[in-house]
Structures are given as structure tokens and as C-alpha cells.
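For reference, run04.pdb (PDB, C-alpha atoms):
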```
ATOM      1  CA  MET Y   1       0.000   0.000   0.000
ATOM      2  CA  GLN Y   2       1.403   3.369  -1.033
ATOM      3  CA  LEU Y   3       0.294   6.935  -0.291
ATOM      4  CA  HIS Y   4      -0.103   9.356  -3.190
ATOM      5  CA  ILE Y   5      -0.550  13.088  -2.563
ATOM      6  CA  ASP Y   6      -2.528  15.231  -4.983
ATOM      7  CA  PRO Y   7      -0.635  18.319  -6.281
ATOM      8  CA  ILE Y   8      -3.452  20.591  -5.031
ATOM      9  CA  PHE Y   9      -1.785  20.811  -1.621
ATOM     10  CA  SER Y  10       1.538  22.094  -2.930
ATOM     11  CA  GLN Y  11      -0.325  24.431  -5.275
ATOM     12  CA  LYS Y  12      -2.099  25.879  -2.223
ATOM     13  CA  ASN Y  13       1.178  26.055  -0.229
ATOM     14  CA  LEU Y  14      -0.077  23.548   2.321
ATOM     15  CA  PRO Y  15       2.762  21.352   3.650
ATOM     16  CA  ILE Y  16       1.883  17.673   4.077
ATOM     17  CA  HIS Y  17       3.504  15.408   6.691
ATOM     18  CA  MET Y  18       1.160  12.446   7.029
ATOM     19  CA  GLY Y  19       1.852   9.882   9.730
ATOM     20  CA  ILE Y  20       0.737   6.342   8.851
ATOM     21  CA  LEU Y  21       1.184   3.441  11.275
ATOM     22  CA  ASP Y  22      -0.074  -0.144  11.022
ATOM     23  CA  TYR Y  23      -0.674  -2.695  13.756
ATOM     24  CA  SER Y  24      -2.159  -6.071  14.485
ATOM     25  CA  VAL Y  25      -4.815  -5.302  17.088
ATOM     26  CA  GLU Y  26      -7.477  -6.802  19.309
ATOM     27  CA  VAL Y  27     -10.639  -4.710  19.575
ATOM     28  CA  LYS Y  28     -12.265  -4.647  22.999
ATOM     29  CA  THR Y  29     -13.951  -2.388  25.521
ATOM     30  CA  SER Y  30     -11.551   0.080  27.085
ATOM     31  CA  GLY Y  31     -10.448  -1.067  30.537
ATOM     32  CA  PRO Y  32      -9.878   0.995  33.698
ATOM     33  CA  ALA Y  33      -6.220   1.700  32.887
ATOM     34  CA  LEU Y  34      -7.024   3.230  29.496
ATOM     35  CA  ILE Y  35      -9.985   5.169  30.871
ATOM     36  CA  HIS Y  36      -7.757   6.576  33.623
ATOM     37  CA  THR Y  37      -5.160   7.553  31.006
ATOM     38  CA  MET Y  38      -7.885   9.304  28.995
ATOM     39  CA  GLU Y  39      -9.014  11.225  32.072
ATOM     40  CA  ASP Y  40      -5.435  12.277  32.802
ATOM     41  CA  GLY Y  41      -4.954  13.372  29.187
ATOM     42  CA  ALA Y  42      -8.105  15.485  29.313
ATOM     43  CA  GLU Y  43      -6.960  17.169  32.515
ATOM     44  CA  VAL Y  44      -3.550  17.978  31.040
ATOM     45  CA  ARG Y  45      -5.193  19.424  27.933
ATOM     46  CA  MET Y  46      -7.437  21.683  30.009
ATOM     47  CA  GLN Y  47      -4.424  22.949  31.947
ATOM     48  CA  GLU Y  48      -2.518  23.636  28.707
ATOM     49  CA  LEU Y  49      -5.250  25.805  27.256
ATOM     50  CA  LEU Y  50      -5.964  27.663  30.515
ATOM     51  CA  GLY Y  51      -9.485  28.660  29.534
ATOM     52  CA  GLU Y  52      -8.677  29.599  25.922
ATOM     53  CA  ALA Y  53     -10.773  28.333  23.030
ATOM     54  CA  ALA Y  54      -9.746  25.108  21.293
ATOM     55  CA  SER Y  55      -9.015  27.093  18.120
ATOM     56  CA  ALA Y  56      -6.302  28.988  20.038
ATOM     57  CA  ASP Y  57      -4.149  25.858  19.903
ATOM     58  CA  PRO Y  58      -1.615  26.487  17.091
ATOM     59  CA  VAL Y  59      -1.923  22.972  15.654
ATOM     60  CA  ILE Y  60      -5.706  23.081  15.547
ATOM     61  CA  ASN Y  61      -5.537  26.569  14.066
ATOM     62  CA  ALA Y  62      -3.174  25.322  11.352
ATOM     63  CA  VAL Y  63      -5.662  22.620  10.333
ATOM     64  CA  ARG Y  64      -8.485  25.173  10.353
ATOM     65  CA  THR Y  65      -6.392  27.320   8.015
ATOM     66  CA  ALA Y  66      -5.944  24.341   5.684
ATOM     67  CA  PHE Y  67      -9.708  23.773   5.605
ATOM     68  CA  LYS Y  68     -10.266  27.456   4.732
ATOM     69  CA  THR Y  69      -7.590  27.375   2.053
ATOM     70  CA  LEU Y  70      -9.254  24.384   0.389
ATOM     71  CA  GLY Y  71     -12.677  26.052   0.526
ATOM     72  CA  LYS Y  72     -14.297  24.462   3.621
ATOM     73  CA  ASP Y  73     -15.679  26.500   6.522
ATOM     74  CA  PRO Y  74     -13.874  25.192   9.658
ATOM     75  CA  SER Y  75     -16.475  26.682  11.974
ATOM     76  CA  ARG Y  76     -19.145  24.514  10.354
ATOM     77  CA  TYR Y  77     -16.905  21.525   9.600
ATOM     78  CA  ARG Y  78     -14.537  21.476  12.554
ATOM     79  CA  PRO Y  79     -11.377  19.377  12.517
ATOM     80  CA  SER Y  80     -11.985  16.299  14.674
ATOM     81  CA  SER Y  81      -9.200  17.335  17.068
ATOM     82  CA  GLU Y  82     -10.954  20.665  17.655
ATOM     83  CA  ALA Y  83     -14.309  18.967  18.271
ATOM     84  CA  LEU Y  84     -12.735  16.657  20.868
ATOM     85  CA  THR Y  85     -10.944  19.542  22.562
ATOM     86  CA  ARG Y  86     -14.115  21.639  22.684
ATOM     87  CA  ARG Y  87     -15.897  18.689  24.282
ATOM     88  CA  VAL Y  88     -13.306  18.396  27.038
ATOM     89  CA  LEU Y  89     -13.217  22.147  27.625
ATOM     90  CA  ALA Y  90     -17.004  22.023  28.080
ATOM     91  CA  GLY Y  91     -16.467  19.631  30.988
ATOM     92  CA  LYS Y  92     -17.508  16.455  29.164
ATOM     93  CA  ASN Y  93     -15.593  13.180  29.106
ATOM     94  CA  LEU Y  94     -14.145  11.758  25.908
ATOM     95  CA  TYR Y  95     -16.409   9.289  24.147
ATOM     96  CA  LEU Y  96     -15.929   5.605  24.976
ATOM     97  CA  VAL Y  97     -16.188   3.521  21.788
ATOM     98  CA  ASN Y  98     -13.562   0.796  21.938
ATOM     99  CA  ASN Y  99      -9.881   0.628  22.827
ATOM    100  CA  ILE Y 100      -8.729   1.473  19.279
ATOM    101  CA  VAL Y 101     -10.938   4.498  18.721
ATOM    102  CA  ASP Y 102     -10.458   5.673  22.308
ATOM    103  CA  CYS Y 103      -6.672   5.660  21.874
ATOM    104  CA  GLY Y 104      -7.052   7.560  18.611
ATOM    105  CA  ASN Y 105      -9.246  10.187  20.267
ATOM    106  CA  LEU Y 106      -6.753  10.555  23.098
ATOM    107  CA  VAL Y 107      -3.853  11.089  20.688
ATOM    108  CA  SER Y 108      -5.895  13.683  18.815
ATOM    109  CA  LEU Y 109      -6.880  15.477  22.022
ATOM    110  CA  MET Y 110      -3.346  15.542  23.412
ATOM    111  CA  THR Y 111      -1.649  16.712  20.209
ATOM    112  CA  GLY Y 112      -4.268  18.695  18.287
ATOM    113  CA  VAL Y 113      -3.675  16.474  15.256
ATOM    114  CA  PRO Y 114      -6.756  14.959  13.559
ATOM    115  CA  VAL Y 115      -6.512  11.159  13.618
ATOM    116  CA  GLY Y 116      -8.123   8.361  11.627
ATOM    117  CA  CYS Y 117      -8.432   4.719  12.726
ATOM    118  CA  TYR Y 118      -9.216   2.391   9.813
ATOM    119  CA  ASP Y 119      -9.681  -1.335   9.307
ATOM    120  CA  ALA Y 120      -6.815  -2.058   6.915
ATOM    121  CA  ASP Y 121      -8.587  -5.132   5.508
ATOM    122  CA  LYS Y 122     -11.369  -2.860   4.229
ATOM    123  CA  ILE Y 123      -8.988  -0.657   2.243
ATOM    124  CA  SER Y 124      -8.408  -1.654  -1.375
ATOM    125  CA  GLY Y 125      -5.229  -0.757  -3.257
ATOM    126  CA  ASP Y 126      -3.133   2.361  -2.766
ATOM    127  CA  ILE Y 127      -4.465   5.427  -0.995
ATOM    128  CA  THR Y 128      -4.504   9.015  -2.174
ATOM    129  CA  LEU Y 129      -4.689  12.242  -0.194
ATOM    130  CA  ARG Y 130      -6.780  14.676  -2.216
ATOM    131  CA  LYS Y 131      -9.456  17.347  -2.000
ATOM    132  CA  GLY Y 132     -13.107  16.290  -1.946
ATOM    133  CA  HIS Y 133     -14.861  16.600  -5.290
ATOM    134  CA  GLU Y 134     -17.910  18.752  -5.947
ATOM    135  CA  GLY Y 135     -20.980  17.070  -4.427
ATOM    136  CA  GLU Y 136     -18.920  14.229  -2.883
ATOM    137  CA  SER Y 137     -20.261  12.604   0.286
ATOM    138  CA  TYR Y 138     -20.173   9.379   2.287
ATOM    139  CA  PRO Y 139     -21.944   7.723   5.229
ATOM    140  CA  SER Y 140     -19.841   8.607   8.276
ATOM    141  CA  VAL Y 141     -19.266   6.667  11.480
ATOM    142  CA  SER Y 142     -21.331   9.039  13.624
ATOM    143  CA  LYS Y 143     -22.827  11.936  11.659
ATOM    144  CA  GLY Y 144     -24.908  10.209   8.983
ATOM    145  CA  ASN Y 145     -24.242  11.110   5.354
ATOM    146  CA  ILE Y 146     -21.791  14.018   5.290
ATOM    147  CA  ASN Y 147     -20.715  16.491   2.629
ATOM    148  CA  ILE Y 148     -16.955  16.069   2.102
ATOM    149  CA  GLU Y 149     -16.630  18.462  -0.835
ATOM    150  CA  ASN Y 150     -13.425  20.554  -0.466
ATOM    151  CA  LEU Y 151     -12.247  18.642   2.606
ATOM    152  CA  PRO Y 152      -8.823  16.995   2.552
ATOM    153  CA  LEU Y 153      -9.526  13.273   2.379
ATOM    154  CA  LEU Y 154      -8.112   9.812   1.857
ATOM    155  CA  ALA Y 155      -9.430   7.606  -0.944
ATOM    156  CA  ASP Y 156      -8.705   4.042  -2.088
ATOM    157  CA  ASP Y 157      -9.783   2.083  -5.168
ATOM    158  CA  ASN Y 158     -13.368   2.107  -3.859
ATOM    159  CA  GLY Y 159     -13.566   5.833  -3.169
ATOM    160  CA  SER Y 160     -13.142   8.184  -0.227
ATOM    161  CA  PHE Y 161     -13.011   6.743   3.273
ATOM    162  CA  GLY Y 162     -11.518   9.263   5.705
ATOM    163  CA  THR Y 163     -11.212  12.969   6.460
ATOM    164  CA  PRO Y 164      -9.880  15.072   9.360
ATOM    165  CA  PHE Y 165     -13.542  15.909  10.019
ATOM    166  CA  SER Y 166     -15.285  12.519  10.261
ATOM    167  CA  ASP Y 167     -14.461   9.061   8.930
ATOM    168  CA  SER Y 168     -16.571   6.788   6.764
ATOM    169  CA  ALA Y 169     -18.559   3.835   8.018
ATOM    170  CA  ARG Y 170     -17.047   1.665   5.254
ATOM    171  CA  THR Y 171     -13.602   1.357   6.851
ATOM    172  CA  ALA Y 172     -14.648   1.757  10.490
ATOM    173  CA  ILE Y 173     -13.146  -0.268  13.321
ATOM    174  CA  THR Y 174     -15.461  -3.125  14.381
ATOM    175  CA  PRO Y 175     -15.116  -6.006  16.861
ATOM    176  CA  GLU Y 176     -13.878  -8.131  13.934
ATOM    177  CA  THR Y 177     -11.007  -5.788  13.038
ATOM    178  CA  THR Y 178      -7.546  -7.333  13.356
ATOM    179  CA  LYS Y 179      -5.414  -4.940  11.283
ATOM    180  CA  LEU Y 180      -5.318  -1.232  12.084
ATOM    181  CA  LEU Y 181      -4.230   1.579   9.787
ATOM    182  CA  PHE Y 182      -3.642   4.567  12.076
ATOM    183  CA  VAL Y 183      -3.396   7.923  10.294
ATOM    184  CA  LEU Y 184      -2.165  11.252  11.631
ATOM    185  CA  TYR Y 185      -3.463  13.985   9.324
ATOM    186  CA  GLY Y 186      -0.362  16.179   9.136
ATOM    187  CA  ILE Y 187      -1.912  18.840   6.918
ATOM    188  CA  ASN Y 188      -0.269  22.246   7.398
ATOM    189  CA  ILE Y 189       1.508  20.837  10.490
ATOM    190  CA  ASP Y 190       5.286  20.618  10.900
ATOM    191  CA  VAL Y 191       6.953  17.215  10.688
ATOM    192  CA  GLU Y 192       8.396  17.384  14.215
ATOM    193  CA  HIS Y 193       4.929  17.630  15.711
ATOM    194  CA  ILE Y 194       3.679  14.690  13.661
ATOM    195  CA  GLU Y 195       6.675  12.603  14.714
ATOM    196  CA  ALA Y 196       5.984  13.400  18.374
ATOM    197  CA  ALA Y 197       2.304  12.531  17.926
ATOM    198  CA  ALA Y 198       3.274   9.252  16.260
ATOM    199  CA  GLU Y 199       5.404   8.338  19.274
ATOM    200  CA  ILE Y 200       2.466   8.974  21.599
ATOM    201  CA  ALA Y 201       0.209   6.897  19.347
ATOM    202  CA  ASP Y 202       2.681   4.025  19.239
ATOM    203  CA  THR Y 203       2.986   3.987  23.026
ATOM    204  CA  LEU Y 204      -0.797   3.930  23.560
ATOM    205  CA  ILE Y 205      -1.631   1.403  20.858
ATOM    206  CA  SER Y 206       1.195  -0.932  21.863
ATOM    207  CA  ARG Y 207       0.032  -0.813  25.493
ATOM    208  CA  PHE Y 208      -3.726  -0.976  25.083
ATOM    209  CA  CYS Y 209      -4.569  -2.388  21.649
ATOM    210  CA  THR Y 210      -2.171  -5.113  20.507
ATOM    211  CA  PRO Y 211      -2.885  -8.793  21.250
ATOM    212  CA  ASP Y 212      -1.387 -10.228  24.441
TER     213      ASP Y 212
END
```
Could you take the file, read its structure, and then write that structure out as C-alpha cells?
Amino acid sequence: MQLHIDPIFSQKNLPIHMGILDYSVEVKTSGPALIHTMEDGAEVRMQELLGEAASADPVINAVRTAFKTLGKDPSRYRPSSEALTRRVLAGKNLYLVNNIVDCGNLVSLMTGVPVGCYDADKISGDITLRKGHEGESYPSVSKGNINIENLPLLADDNGSFGTPFSDSARTAITPETTKLLFVLYGINIDVEHIEAAAEIADTLISRFCTPD
């Protein structure tokens, strides 16, 4: 599997530093240790922002800028990392879905980087990072059918399957998933930050998601 990047991003002066990790995983309900780690991560994030809005985070703001540059309103279609941060700042806990998705949400919250967790067995052929076409949409994991026109997105031989806004139901993690493709959407984000986020992701997934 190879990643191809559409020239539109360089034409728009948007640097791309995608982080792509793959693992053999066991999907299960998050246990007390992971939940405690999520609670700690949320507390740290609140202390970092010190009452400022989620969009004040420079990484989140950089992704918002990328959305605007590509023609998508980031206040209507918020990067997933911003949505998670806003949730925590409002005093709500992170969602509990399963250990894979929960680790992904924690990485995104802690770093400001939008994250995608995909069932690698449901991805066909190479993948391409491109801009959503006019009128393009897909059924998402949590928001119903969503308009992905002008969003940065990943597509395989069967079409689009992931964005930094909301992922598709087609490649979602399920209890039957055994191979994880973990994506850090490094769009308009410096490579050092993506590398640091990848290290956090590797630590969490290796601890909480790989088979014993």
C-alpha cells in the first residue's frame, strides 16, 4: 500500500507530513487503565489551554487554516481534534467507543492532530490524499451522510473513506477488526509535531490495543 498526494496541496502552499502506522490489534472495551489515562490526558489538555478556546491551539488553528484554504468552513466543519478539545473544555468526558478508537481520540486530544483509525482489511489498493470533489459525500461513522466536498480526504480504489472531520462507516473499526491503519493527518503541520504525535500513538496502541 502506497500513499499518493494530490498536487493541489503544494499548489495551495499547504505542507503535508502524514503519519501512517499499522498494527495487528485486538478490539475490545476500554479497561480501567485506558480510561484513567484518557481522564489524565483530558486534565492535562485543560491545563494547557488555561481557559482559551480550542481554536487557540496552534496545531488546531493550522488545520483550520488548511480547511479554509481548500474552501471548507472550519467553523461549520470542525477538525476532529478541535471537536474533541471543545468537548473536554465544556467539561464532558471523551467518548468511549472501543480501545482502538479511544486511543485515537486521546492522541488527537493531546496533540491537536486529527486522527483516523481504519480497518486495513477494508482498504483496497493504494491510498490518495486529495481534496473532496464537488458534491462528494459518504456515510460517516457518527454523523450520517456528510458532505466532504473541499475537505482533505483519503481515498482508495473504492472511493473516499476518511477525512480530518469525520471518517466513513465503510472502513470503520469493528469487533472483527484485526489490522489497524492509524493515520495522523499532518496537513499544514510541521513534521516534528507529527513525529511526536506518532510516538504517543505508538505507546498507547502498543500498550492498550495489541494482542497479548
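Considering the residues Y:Leu70, Y:Cys103, Y:Leu14, Y:Ile20 and counting all atoms listed in the file, Glu39 in chain Y has its shortest atom-to-atom contact with Y:Cys103.
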What would the selection look like, as a ChimeraX atom specification, if the PyMOL selection byres ((chain Y and resi 33-36) around 12) were run on the coordinates I just shared?
/Y:28-32,37-43,93-106,203-209
I'd like the contact shell of Lys131 in chain Y - 10 Å cut-off, all atoms listed in the file, skipping same-chain residues fewer than 6 positions apart - returned as an mmCIF file with C-alpha atoms, in the coordinates of the input.
```cif
data_model
loop_
_atom_site.group_PDB
_atom_site.id
_atom_site.type_symbol
_atom_site.label_atom_id
_atom_site.label_comp_id
_atom_site.auth_asym_id
_atom_site.auth_seq_id
_atom_site.Cartn_x
_atom_site.Cartn_y
_atom_site.Cartn_z
ATOM 1 C CA ILE Y 5 -0.550 13.088 -2.563
ATOM 2 C CA ASP Y 6 -2.528 15.231 -4.983
ATOM 3 C CA PRO Y 7 -0.635 18.319 -6.281
ATOM 4 C CA ILE Y 8 -3.452 20.591 -5.031
ATOM 5 C CA PHE Y 9 -1.785 20.811 -1.621
ATOM 6 C CA PHE Y 67 -9.708 23.773 5.605
ATOM 7 C CA LEU Y 70 -9.254 24.384 0.389
ATOM 8 C CA GLY Y 71 -12.677 26.052 0.526
ATOM 9 C CA ILE Y 148 -16.955 16.069 2.102
ATOM 10 C CA GLU Y 149 -16.630 18.462 -0.835
ATOM 11 C CA ASN Y 150 -13.425 20.554 -0.466
ATOM 12 C CA LEU Y 151 -12.247 18.642 2.606
ATOM 13 C CA PRO Y 152 -8.823 16.995 2.552
ATOM 14 C CA LEU Y 153 -9.526 13.273 2.379
ATOM 15 C CA LEU Y 154 -8.112 9.812 1.857
ATOM 16 C CA ALA Y 155 -9.430 7.606 -0.944
ATOM 17 C CA THR Y 163 -11.212 12.969 6.460
#
```
I'd like to see the residues matched by the PyMOL selection byres ((chain Y and resi 185-200) around 7) on this file, and ideally I'd get them as a PDB file with C-alpha atoms, keeping the file's coordinate frame.
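As a result, selection.pdb now contains:
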```pdb
ATOM      1  CA  LEU Y  14      -0.077  23.548   2.321  1.00  0.00           C
ATOM      2  CA  PRO Y  15       2.762  21.352   3.650  1.00  0.00           C
ATOM      3  CA  ILE Y  16       1.883  17.673   4.077  1.00  0.00           C
ATOM      4  CA  HIS Y  17       3.504  15.408   6.691  1.00  0.00           C
ATOM      5  CA  MET Y  18       1.160  12.446   7.029  1.00  0.00           C
ATOM      6  CA  GLY Y  19       1.852   9.882   9.730  1.00  0.00           C
ATOM      7  CA  VAL Y  59      -1.923  22.972  15.654  1.00  0.00           C
ATOM      8  CA  ALA Y  62      -3.174  25.322  11.352  1.00  0.00           C
ATOM      9  CA  VAL Y  63      -5.662  22.620  10.333  1.00  0.00           C
ATOM     10  CA  ALA Y  66      -5.944  24.341   5.684  1.00  0.00           C
ATOM     11  CA  VAL Y 107      -3.853  11.089  20.688  1.00  0.00           C
ATOM     12  CA  THR Y 111      -1.649  16.712  20.209  1.00  0.00           C
ATOM     13  CA  VAL Y 113      -3.675  16.474  15.256  1.00  0.00           C
ATOM     14  CA  PRO Y 114      -6.756  14.959  13.559  1.00  0.00           C
ATOM     15  CA  VAL Y 115      -6.512  11.159  13.618  1.00  0.00           C
ATOM     16  CA  PRO Y 164      -9.880  15.072   9.360  1.00  0.00           C
ATOM     17  CA  VAL Y 183      -3.396   7.923  10.294  1.00  0.00           C
ATOM     18  CA  LEU Y 184      -2.165  11.252  11.631  1.00  0.00           C
ATOM     19  CA  ALA Y 201       0.209   6.897  19.347  1.00  0.00           C
ATOM     20  CA  ASP Y 202       2.681   4.025  19.239  1.00  0.00           C
ATOM     21  CA  THR Y 203       2.986   3.987  23.026  1.00  0.00           C
ATOM     22  CA  LEU Y 204      -0.797   3.930  23.560  1.00  0.00           C
TER      23      LEU Y 204
END
```
Axis-aligned box for range 9-24 of chain Y, 3 Å per side, centre and edges in Å as lines of an AutoDock Vina configuration file:
```
center_x = 0.7
center_y = 10.0
center_z = 4.6
size_x = 11.7
size_y = 38.1
size_z = 25.8
```
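Each of Y:Asp167, Y:Glu134, Y:Asp119, Y:Glu48 was checked against Lys72 in chain Y using only C-alpha atoms; the smallest atom-to-atom distance is that of Y:Glu134.
The space between CA of Phe161 in chain Y and CA of Arg76 in chain Y spans 20.1 Å.
Residues in contact range of Ser24 in chain Y, defined as at most 9 Å between all atoms listed in the file, with sequence neighbours fewer than 4 positions away removed, read Thr177, Thr178, Lys179, Leu180, Cys209, Thr210 and Pro211 of chain Y.
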Excluding same-chain residues fewer than 5 positions from Ala54 in chain Y, what lies within 10 Å of it counting all atoms listed in the file, as an MDAnalysis selection string?
chainID Y and resid 45:46 49 59:61 81:89 112
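Across the structure, CA of Val27 in chain Y and CA of Pro175 in chain Y are spaced 5.4 Å apart.
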Go ahead and compute the interatomic distance for CA of Ser124 in chain Y and CA of Ser80 in chain Y, in Å to one decimal.
24.3 Å
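Across Y:Ile127, Y:Gly51, Y:Lys12, Y:Val44, the tightest approach to Thr69 in chain Y is made by Y:Lys12 when counting all atoms listed in the file.
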Measuring between all atoms listed in the file, which one of Y:Leu50, Y:Leu3, Y:Ala56, Y:Cys117 shows the shortest distance to Ser166 in chain Y?
Y:Cys117
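Shortest separation to Leu181 in chain Y among Y:Lys92, Y:His4, Y:Lys122, Y:Arg78 occurs at residue Y:Lys122, atoms counted being all atoms listed in the file.
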In the coordinate frame of the file, compute which residues have an atom within 7 Å of (-20.9, 6.6, 2.5) when using all atoms listed in the file, and state them as an MDAnalysis selection string.
chainID Y and resid 137:140 145 168:170
Limited to C-alpha atoms, could you put the picked residues into a file as a PDB file, in the frame of the given file?
```
ATOM      1  CA  SER Y 137     -20.261  12.604   0.286  1.00  0.00           C
ATOM      2  CA  TYR Y 138     -20.173   9.379   2.287  1.00  0.00           C
ATOM      3  CA  PRO Y 139     -21.944   7.723   5.229  1.00  0.00           C
ATOM      4  CA  SER Y 140     -19.841   8.607   8.276  1.00  0.00           C
ATOM      5  CA  ASN Y 145     -24.242  11.110   5.354  1.00  0.00           C
ATOM      6  CA  SER Y 168     -16.571   6.788   6.764  1.00  0.00           C
ATOM      7  CA  ALA Y 169     -18.559   3.835   8.018  1.00  0.00           C
ATOM      8  CA  ARG Y 170     -17.047   1.665   5.254  1.00  0.00           C
TER       9      ARG Y 170
END
```
Counting only C-alpha atoms, what is within 7 Å of Ile123 in chain Y, bar same-chain residues fewer than 3 positions away, as a list in words?
Ala120, Asp156 and Thr171 of chain Y
